[in-house]
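Chemist: Okay, so here is start_24.csv, and as you'll see once you scroll down, it has CSV, C-alpha atoms.
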```
chain,number,residue,atom,x,y,z
A,29,MET,CA,90.8,32.9,-165.5
A,30,ALA,CA,89.0,30.3,-167.6
A,31,ASN,CA,91.2,28.0,-169.8
A,32,PHE,CA,90.0,27.1,-173.3
A,33,THR,CA,91.6,24.9,-175.9
A,34,GLU,CA,93.2,26.2,-179.0
A,35,ASN,CA,90.4,24.8,-181.1
A,36,ALA,CA,87.8,26.6,-178.9
A,37,TYR,CA,89.7,29.9,-179.5
A,38,GLN,CA,90.0,29.3,-183.2
A,39,THR,CA,86.3,28.5,-183.5
A,40,ALA,CA,85.3,31.6,-181.6
A,41,LEU,CA,87.7,34.0,-183.3
A,42,HIS,CA,86.9,32.7,-186.8
A,43,LYS,CA,83.1,32.5,-186.3
A,44,GLY,CA,81.3,32.9,-189.6
A,45,LEU,CA,84.4,32.4,-191.8
A,46,THR,CA,84.9,29.7,-194.3
A,47,GLN,CA,87.6,27.1,-193.9
A,48,GLU,CA,89.5,28.7,-196.7
A,49,GLN,CA,89.4,32.1,-195.0
A,50,GLN,CA,90.5,30.6,-191.7
A,51,ASN,CA,93.4,29.0,-193.4
A,52,LEU,CA,94.4,32.3,-195.0
A,53,LEU,CA,94.3,34.0,-191.6
A,54,ASN,CA,96.2,31.3,-189.9
A,55,GLU,CA,99.0,31.3,-192.4
A,56,THR,CA,99.6,35.1,-192.9
A,57,LYS,CA,102.5,36.9,-191.3
A,58,VAL,CA,102.0,40.6,-190.6
A,59,ALA,CA,104.8,42.9,-189.3
A,60,ILE,CA,103.8,46.0,-187.4
A,61,PHE,CA,106.3,48.8,-187.0
A,62,GLY,CA,105.3,51.1,-184.1
A,63,LEU,CA,103.1,50.0,-181.2
A,64,GLY,CA,101.6,53.3,-180.2
A,65,GLY,CA,98.1,54.6,-180.9
A,66,LEU,CA,98.0,52.9,-184.3
A,67,GLY,CA,100.1,49.8,-183.9
A,68,SER,CA,98.9,48.7,-180.5
A,69,ASN,CA,95.3,48.8,-181.7
A,70,VAL,CA,96.0,47.3,-185.1
A,71,ALA,CA,97.7,44.4,-183.4
A,72,MET,CA,94.9,43.8,-181.0
A,73,TRP,CA,92.3,43.8,-183.8
A,74,LEU,CA,94.3,41.3,-185.8
A,75,ALA,CA,95.0,39.1,-182.8
A,76,ARG,CA,91.2,39.0,-182.1
A,77,LEU,CA,90.6,38.2,-185.7
A,78,GLY,CA,92.9,35.2,-185.3
A,79,VAL,CA,95.7,36.3,-187.7
A,80,GLY,CA,98.3,33.5,-187.2
A,81,HIS,CA,101.6,35.4,-187.0
A,82,LEU,CA,102.2,38.9,-185.7
A,83,TRP,CA,105.7,40.5,-185.6
A,84,LEU,CA,105.7,43.6,-183.4
A,85,TYR,CA,108.4,46.3,-183.2
A,86,ASP,CA,108.8,49.4,-181.0
A,87,PHE,CA,111.6,50.7,-178.8
A,88,ASP,CA,109.6,53.1,-176.7
A,89,ARG,CA,108.2,52.6,-173.2
A,90,VAL,CA,104.6,53.2,-172.1
A,91,GLU,CA,104.0,56.7,-170.8
A,92,LEU,CA,101.0,58.0,-168.8
A,93,SER,CA,100.1,60.3,-171.7
A,94,ASN,CA,99.7,57.3,-174.0
A,95,LEU,CA,96.7,55.9,-172.2
A,96,ASN,CA,94.2,58.2,-173.9
A,97,ARG,CA,94.6,56.4,-177.3
A,98,GLN,CA,96.9,53.4,-177.0
A,99,TYR,CA,96.1,49.8,-175.9
A,100,TYR,CA,97.9,50.1,-172.6
A,101,PHE,CA,96.8,50.5,-169.0
A,102,SER,CA,98.2,52.2,-165.9
A,103,ASP,CA,100.1,49.1,-164.8
A,104,ASP,CA,102.0,49.2,-168.1
A,105,VAL,CA,103.5,52.6,-167.5
A,106,GLY,CA,107.3,52.3,-167.6
A,107,GLU,CA,107.3,49.0,-169.5
A,108,TYR,CA,108.5,48.6,-173.0
A,109,LYS,CA,105.5,48.7,-175.3
A,110,ALA,CA,106.8,45.5,-177.0
A,111,VAL,CA,106.6,43.8,-173.6
A,112,ALA,CA,103.3,45.2,-172.4
A,113,LEU,CA,101.4,44.7,-175.6
A,114,LEU,CA,102.5,41.1,-175.8
A,115,LYS,CA,100.9,40.5,-172.5
A,116,HIS,CA,97.6,41.9,-173.6
A,117,LEU,CA,97.6,40.1,-177.0
A,118,ARG,CA,98.1,36.8,-175.2
A,119,ALA,CA,95.2,37.5,-172.9
A,120,ALA,CA,93.0,38.1,-175.9
A,121,ASN,CA,94.3,35.2,-178.0
A,122,PRO,CA,96.9,33.0,-176.2
A,123,TYR,CA,97.4,30.8,-179.2
A,124,GLY,CA,98.7,33.4,-181.7
A,125,ASP,CA,102.3,33.3,-182.8
A,126,TYR,CA,103.8,36.6,-181.6
A,127,LEU,CA,107.3,37.9,-182.0
A,128,SER,CA,107.7,41.2,-180.1
A,129,LYS,CA,110.9,43.1,-179.9
A,130,ALA,CA,112.0,46.4,-178.3
A,131,VAL,CA,114.0,47.6,-181.3
A,132,LYS,CA,114.4,50.7,-183.3
A,133,LEU,CA,114.0,50.5,-187.1
A,134,THR,CA,117.1,51.4,-189.1
A,135,GLU,CA,118.2,51.0,-192.7
A,136,ASP,CA,120.5,48.1,-191.6
A,137,ASN,CA,117.8,46.0,-189.8
A,138,LEU,CA,114.8,46.6,-192.0
A,139,ALA,CA,115.3,43.5,-194.1
A,140,GLU,CA,115.8,41.3,-191.0
A,141,LEU,CA,112.7,42.7,-189.2
A,142,ALA,CA,110.4,42.6,-192.3
A,143,GLY,CA,111.6,39.0,-192.9
A,144,ASP,CA,109.1,37.0,-194.9
A,145,ALA,CA,106.0,38.8,-193.6
A,146,SER,CA,103.7,39.3,-196.6
A,147,ILE,CA,102.1,42.5,-195.1
A,148,ILE,CA,103.9,45.4,-193.5
A,149,CYS,CA,101.9,47.8,-191.3
A,150,GLU,CA,103.5,51.3,-190.9
A,151,ALA,CA,102.4,52.7,-187.5
A,152,LEU,CA,105.3,55.0,-186.7
A,153,ASP,CA,105.2,58.5,-185.2
A,154,LYS,CA,108.2,60.3,-186.5
A,155,PRO,CA,108.2,61.4,-190.2
A,156,GLU,CA,111.8,60.3,-190.8
A,157,ALA,CA,111.0,56.8,-189.5
A,158,LYS,CA,107.8,56.6,-191.6
A,159,ALA,CA,109.7,57.6,-194.7
A,160,LEU,CA,112.5,55.1,-194.0
A,161,LEU,CA,110.0,52.2,-193.7
A,162,VAL,CA,107.7,53.2,-196.6
A,163,ASN,CA,110.6,54.0,-199.0
A,164,GLY,CA,112.5,50.9,-197.9
A,165,VAL,CA,109.6,48.6,-198.4
A,166,LEU,CA,108.6,50.1,-201.8
A,167,GLU,CA,112.1,50.0,-203.1
A,168,SER,CA,113.4,46.7,-201.6
A,169,PHE,CA,110.3,44.6,-201.1
A,170,PRO,CA,107.9,45.3,-204.0
A,171,ASP,CA,106.1,42.0,-203.5
A,172,LYS,CA,105.0,42.9,-199.9
A,173,PHE,CA,101.8,44.7,-199.1
A,174,LEU,CA,102.2,48.0,-197.3
A,175,VAL,CA,99.5,49.6,-195.2
A,176,ALA,CA,100.5,53.0,-193.9
A,177,ALA,CA,98.8,56.0,-192.2
A,178,SER,CA,98.9,59.8,-192.6
A,179,GLY,CA,96.7,62.3,-190.9
A,180,LEU,CA,94.8,61.3,-187.8
A,181,ALA,CA,95.1,64.2,-185.4
A,182,GLY,CA,92.4,66.5,-184.1
A,183,PHE,CA,88.6,66.1,-184.1
A,184,GLY,CA,87.9,66.0,-187.8
A,185,THR,CA,84.9,64.1,-189.1
A,186,SER,CA,85.0,60.3,-189.7
A,187,GLU,CA,84.2,61.1,-193.4
A,188,SER,CA,87.5,62.8,-193.8
A,189,MET,CA,89.3,59.5,-192.9
A,190,GLN,CA,89.8,57.5,-196.1
A,191,VAL,CA,91.7,54.5,-197.3
A,192,ARG,CA,93.5,55.3,-200.6
A,193,ARG,CA,95.2,52.8,-202.8
A,194,VAL,CA,98.4,54.6,-203.8
A,195,SER,CA,99.7,51.7,-205.9
A,196,PRO,CA,98.7,48.0,-206.3
A,197,ARG,CA,100.3,46.9,-203.0
A,198,PHE,CA,100.4,50.2,-201.1
A,199,TYR,CA,97.5,51.6,-199.1
A,200,LEU,CA,97.3,54.8,-197.1
A,201,CYS,CA,94.8,55.4,-194.3
A,202,GLY,CA,93.8,58.7,-192.7
A,203,ASP,CA,92.9,62.2,-193.8
A,204,GLY,CA,96.4,62.8,-195.3
A,205,LYS,CA,97.0,66.2,-193.7
A,206,SER,CA,96.2,66.6,-190.0
A,207,SER,CA,99.4,66.6,-187.8
A,208,PHE,CA,99.8,65.9,-184.1
A,209,LEU,CA,102.4,68.6,-184.1
A,210,ASP,CA,99.6,71.2,-184.5
A,211,LEU,CA,96.5,69.4,-183.2
A,212,PRO,CA,95.6,67.3,-180.1
A,213,LEU,CA,95.2,63.5,-180.4
A,214,CYS,CA,91.7,62.2,-179.9
A,215,GLY,CA,91.7,58.5,-179.0
A,216,ALA,CA,88.5,57.8,-181.0
A,217,ARG,CA,90.0,59.3,-184.2
A,218,VAL,CA,93.3,57.6,-183.8
A,219,GLY,CA,91.4,54.4,-183.2
A,220,LEU,CA,89.4,55.0,-186.3
A,221,CYS,CA,92.6,55.2,-188.4
A,222,ALA,CA,93.9,52.0,-186.7
A,223,ALA,CA,90.6,50.3,-187.5
A,224,GLN,CA,91.0,51.3,-191.1
A,225,GLN,CA,94.5,49.8,-191.2
A,226,ALA,CA,93.4,46.6,-189.5
A,227,LEU,CA,90.4,46.2,-191.8
A,228,THR,CA,92.5,46.9,-194.9
A,229,ILE,CA,95.0,44.2,-193.7
A,230,ALA,CA,92.1,41.8,-193.1
A,231,ARG,CA,90.7,42.3,-196.6
A,232,ILE,CA,94.1,41.9,-198.1
A,233,ILE,CA,94.5,38.6,-196.2
A,234,LEU,CA,91.1,37.4,-197.2
A,235,GLN,CA,91.7,38.4,-200.9
A,236,MET,CA,88.9,40.9,-201.0
A,237,GLU,CA,88.9,44.1,-203.0
A,238,VAL,CA,90.2,47.0,-200.9
```
Could you take the file, read its structure, and then write that structure out as structure tokens?

Modeler:
Amino acid sequence: MANFTENAYQTALHKGLTQEQQNLLNETKVAIFGLGGLGSNVAMWLARLGVGHLWLYDFDRVELSNLNRQYYFSDDVGEYKAVALLKHLRAANPYGDYLSKAVKLTEDNLAELAGDASIICEALDKPEAKALLVNGVLESFPDKFLVAASGLAGFGTSESMQVRRVSPRFYLCGDGKSSFLDLPLCGARVGLCAAQQALTIARIILQMEV
């Protein structure tokens, strides 16, 4: 595998960006809760963009059924997602600052895991976990940006997938209604929602209107 300097990576990943934009990306800390179909892809997009600090949390292991939509491969099956994804992120951008933990979100550890990240990405599967994170951030960390997802199952049209600004610092991606409990999961549609989250986070970092 070819070896490139950190400067070469930065130049390539930040191609076309101003120095101010590069500085914003380098300095931002993003915490991603859940490393499945949404979180694994969001993390990869942000790593490839050159976001400086990514904190990654998930307590599940990679399963064969995950491979249709998540950023994992057959060799990863059985590994903790937090371990497997870190390997792939470092292959794409070895100079990123990554903190990846196999840990389950609870009321007691939310503050510790969120830390001083300025942006929180909600990419969890279970409704109770999603509610815990969203409510916890909105109530306890009103200064943080929150980018969440709701409704990404099935084969609905791309037009039905929207980014809604729920409040000044809270954005919700997806169609808002389709459930994986009732519909199959199509990797392309899950990926579309993940791309919406990643793009929303990127625009927040770069101080663009979302």

Chemist: Counting all atoms listed in the file, which residues have an atom no more than 12 Å from (98.8, 45.0, -164.4) in the file's coordinates? Please list them as a PyMOL selection string.

Modeler: chain A and resi 100-107+112-113+115-116+119

Chemist: Go ahead and write the residues just picked, C-alpha atoms, as a PDB file, in the coordinates of the input.

Modeler:
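Saved to part39.pdb:
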```pdb
ATOM      1  CA  TYR A 100      97.900  50.100-172.600  1.00  0.00           C
ATOM      2  CA  PHE A 101      96.800  50.500-169.000  1.00  0.00           C
ATOM      3  CA  SER A 102      98.200  52.200-165.900  1.00  0.00           C
ATOM      4  CA  ASP A 103     100.100  49.100-164.800  1.00  0.00           C
ATOM      5  CA  ASP A 104     102.000  49.200-168.100  1.00  0.00           C
ATOM      6  CA  VAL A 105     103.500  52.600-167.500  1.00  0.00           C
ATOM      7  CA  GLY A 106     107.300  52.300-167.600  1.00  0.00           C
ATOM      8  CA  GLU A 107     107.300  49.000-169.500  1.00  0.00           C
ATOM      9  CA  ALA A 112     103.300  45.200-172.400  1.00  0.00           C
ATOM     10  CA  LEU A 113     101.400  44.700-175.600  1.00  0.00           C
ATOM     11  CA  LYS A 115     100.900  40.500-172.500  1.00  0.00           C
ATOM     12  CA  HIS A 116      97.600  41.900-173.600  1.00  0.00           C
ATOM     13  CA  ALA A 119      95.200  37.500-172.900  1.00  0.00           C
TER      14      ALA A 119
END
```

Chemist: One decimal, Å: what's the distance from atom CA of Asn94 of chain A over to atom CA of Thr56 of chain A, could you say?

Modeler: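 For atom CA of Asn94 of chain A relative to atom CA of Thr56 of chain A, the distance reads 29.2 Å.
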
Chemist: Report as a list of chain:residue names all protein, DNA and RNA residues lying within 12 Å of Pro212 of chain A, evaluated on all atoms listed in the file, omitting residues in the same chain fewer than 5 positions from it.

Modeler: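 My list of contacting residues is A:Ser93, A:Asn96, A:Arg97, A:Gly179, A:Leu180, A:Ala181, A:Gly182, A:Phe183, A:Gly184, A:Ser206, A:Ser207, A:Arg217, A:Val218.
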
Chemist: Could you state the separation of atom CA of Asn31 of chain A and atom CA of Arg76 of chain A in Å, given to one decimal place?

Modeler: 16.5 Å

Chemist: Work out how far atom CA of Ile147 of chain A is from atom CA of Gly78 of chain A, in Å to one decimal.

Modeler: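 Going from atom CA of Gly78 of chain A over to atom CA of Ile147 of chain A, I get 15.3 Å.
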
Chemist: Which one of A:Asp210, A:Asp171, A:Glu150, A:Glu34 sits closest to Pro122 of chain A if you count all atoms listed in the file?

Modeler: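 Selected residue with least distance to Pro122 of chain A: A:Glu34.
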
Chemist: Need the shell around Cys221 of chain A: protein/DNA/RNA residues with any atom at most 8 Å away, counting all atoms listed in the file. Skip same-chain ones fewer than 4 positions apart. Format as a PyMOL selection string?

Modeler: chain A and resi 66+177+180+189+201-202+217+225

Chemist: Would you save the residues of that selection, restricted to C-alpha atoms, as a PDB file, in the frame of the given file?

Modeler:
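Printed below is result27.pdb as written:
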```pdb
ATOM      1  CA  LEU A  66      98.000  52.900-184.300  1.00  0.00           C
ATOM      2  CA  ALA A 177      98.800  56.000-192.200  1.00  0.00           C
ATOM      3  CA  LEU A 180      94.800  61.300-187.800  1.00  0.00           C
ATOM      4  CA  MET A 189      89.300  59.500-192.900  1.00  0.00           C
ATOM      5  CA  CYS A 201      94.800  55.400-194.300  1.00  0.00           C
ATOM      6  CA  GLY A 202      93.800  58.700-192.700  1.00  0.00           C
ATOM      7  CA  ARG A 217      90.000  59.300-184.200  1.00  0.00           C
ATOM      8  CA  GLN A 225      94.500  49.800-191.200  1.00  0.00           C
TER       9      GLN A 225
END
```

Chemist: From the options A:Gly44, A:Gly204, A:Gly164, A:Gly64, which residue's atoms come nearest to Ser188 of chain A, counting all atoms listed in the file?

Modeler: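 Looking only at the distances to Ser188 of chain A, the closest residue turns out to be A:Gly204.
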
Chemist: Which one of A:Asn137, A:Asn35, A:Gln49, A:Ser186 sits closest to Ala216 of chain A if you count all atoms listed in the file?

Modeler: A:Ser186

Chemist: Give me, as a list in words, all polymer residues having an atom no more than 9 Å from segment 165-167 of chain A, counting only C-alpha atoms and skipping those fewer than 6 positions away in the same chain.

Modeler: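 Non-adjacent residues within range: Leu138, Ala139, Ala142, Ile148, Phe173, Leu174, Arg197 and Phe198 of chain A.
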
Chemist: Around the point (99.5, 35.7, -185.2) (coordinates from the file), which residues reach within 7 Å if we count all atoms listed in the file? Answer as an MDAnalysis selection string.

Modeler: chainID A and resid 57 75 78:82 124:126

Chemist: Which is closest to Leu200 of chain A among A:Ala226, A:Ala157, A:Tyr37, A:Leu52, if we use only C-alpha atoms?

Modeler: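 For Leu200 of chain A, the nearest of the candidates is A:Ala226.
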
Chemist: Would you pick out the contacts of Asp136 of chain A at 12 Å or less, using all atoms listed in the file, so that residues sharing its chain but fewer than 4 positions from it are not included, and give the list as JSON, numbers by chain?

Modeler: {"A": [132, 140, 141, 142, 160, 161, 164]}

Chemist: Measuring atom to atom with all atoms listed in the file, identify which of A:Val238, A:Leu63, A:Ala151, A:Ala159 is nearest to Phe87 of chain A.

Modeler: A:Leu63

Chemist: Taking all atoms listed in the file into account, name the residue in A:Thr46, A:Tyr99, A:Asn51, A:Lys154 that is nearest to Asn69 of chain A.

Modeler: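 Between A:Thr46, A:Tyr99, A:Asn51, A:Lys154, the residue approaching Asn69 of chain A most closely is A:Tyr99.
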
Chemist: Fewer than 4 positions away in the same chain doesn't count, so skip those; otherwise give me all residues within 12 Å of Lys129 of chain A, counting all atoms listed in the file, as an MDAnalysis selection string.

Modeler: chainID A and resid 59:63 82:89 108:114 133 141

Chemist: Could the residues in this selection be saved with C-alpha atoms as a tab-separated table (two decimals), in the coordinates of the input?

Modeler:
```tsv
chain	number	residue	atom	x	y	z
A	59	ALA	CA	104.80	42.90	-189.30
A	60	ILE	CA	103.80	46.00	-187.40
A	61	PHE	CA	106.30	48.80	-187.00
A	62	GLY	CA	105.30	51.10	-184.10
A	63	LEU	CA	103.10	50.00	-181.20
A	82	LEU	CA	102.20	38.90	-185.70
A	83	TRP	CA	105.70	40.50	-185.60
A	84	LEU	CA	105.70	43.60	-183.40
A	85	TYR	CA	108.40	46.30	-183.20
A	86	ASP	CA	108.80	49.40	-181.00
A	87	PHE	CA	111.60	50.70	-178.80
A	88	ASP	CA	109.60	53.10	-176.70
A	89	ARG	CA	108.20	52.60	-173.20
A	108	TYR	CA	108.50	48.60	-173.00
A	109	LYS	CA	105.50	48.70	-175.30
A	110	ALA	CA	106.80	45.50	-177.00
A	111	VAL	CA	106.60	43.80	-173.60
A	112	ALA	CA	103.30	45.20	-172.40
A	113	LEU	CA	101.40	44.70	-175.60
A	114	LEU	CA	102.50	41.10	-175.80
A	133	LEU	CA	114.00	50.50	-187.10
A	141	LEU	CA	112.70	42.70	-189.20
```
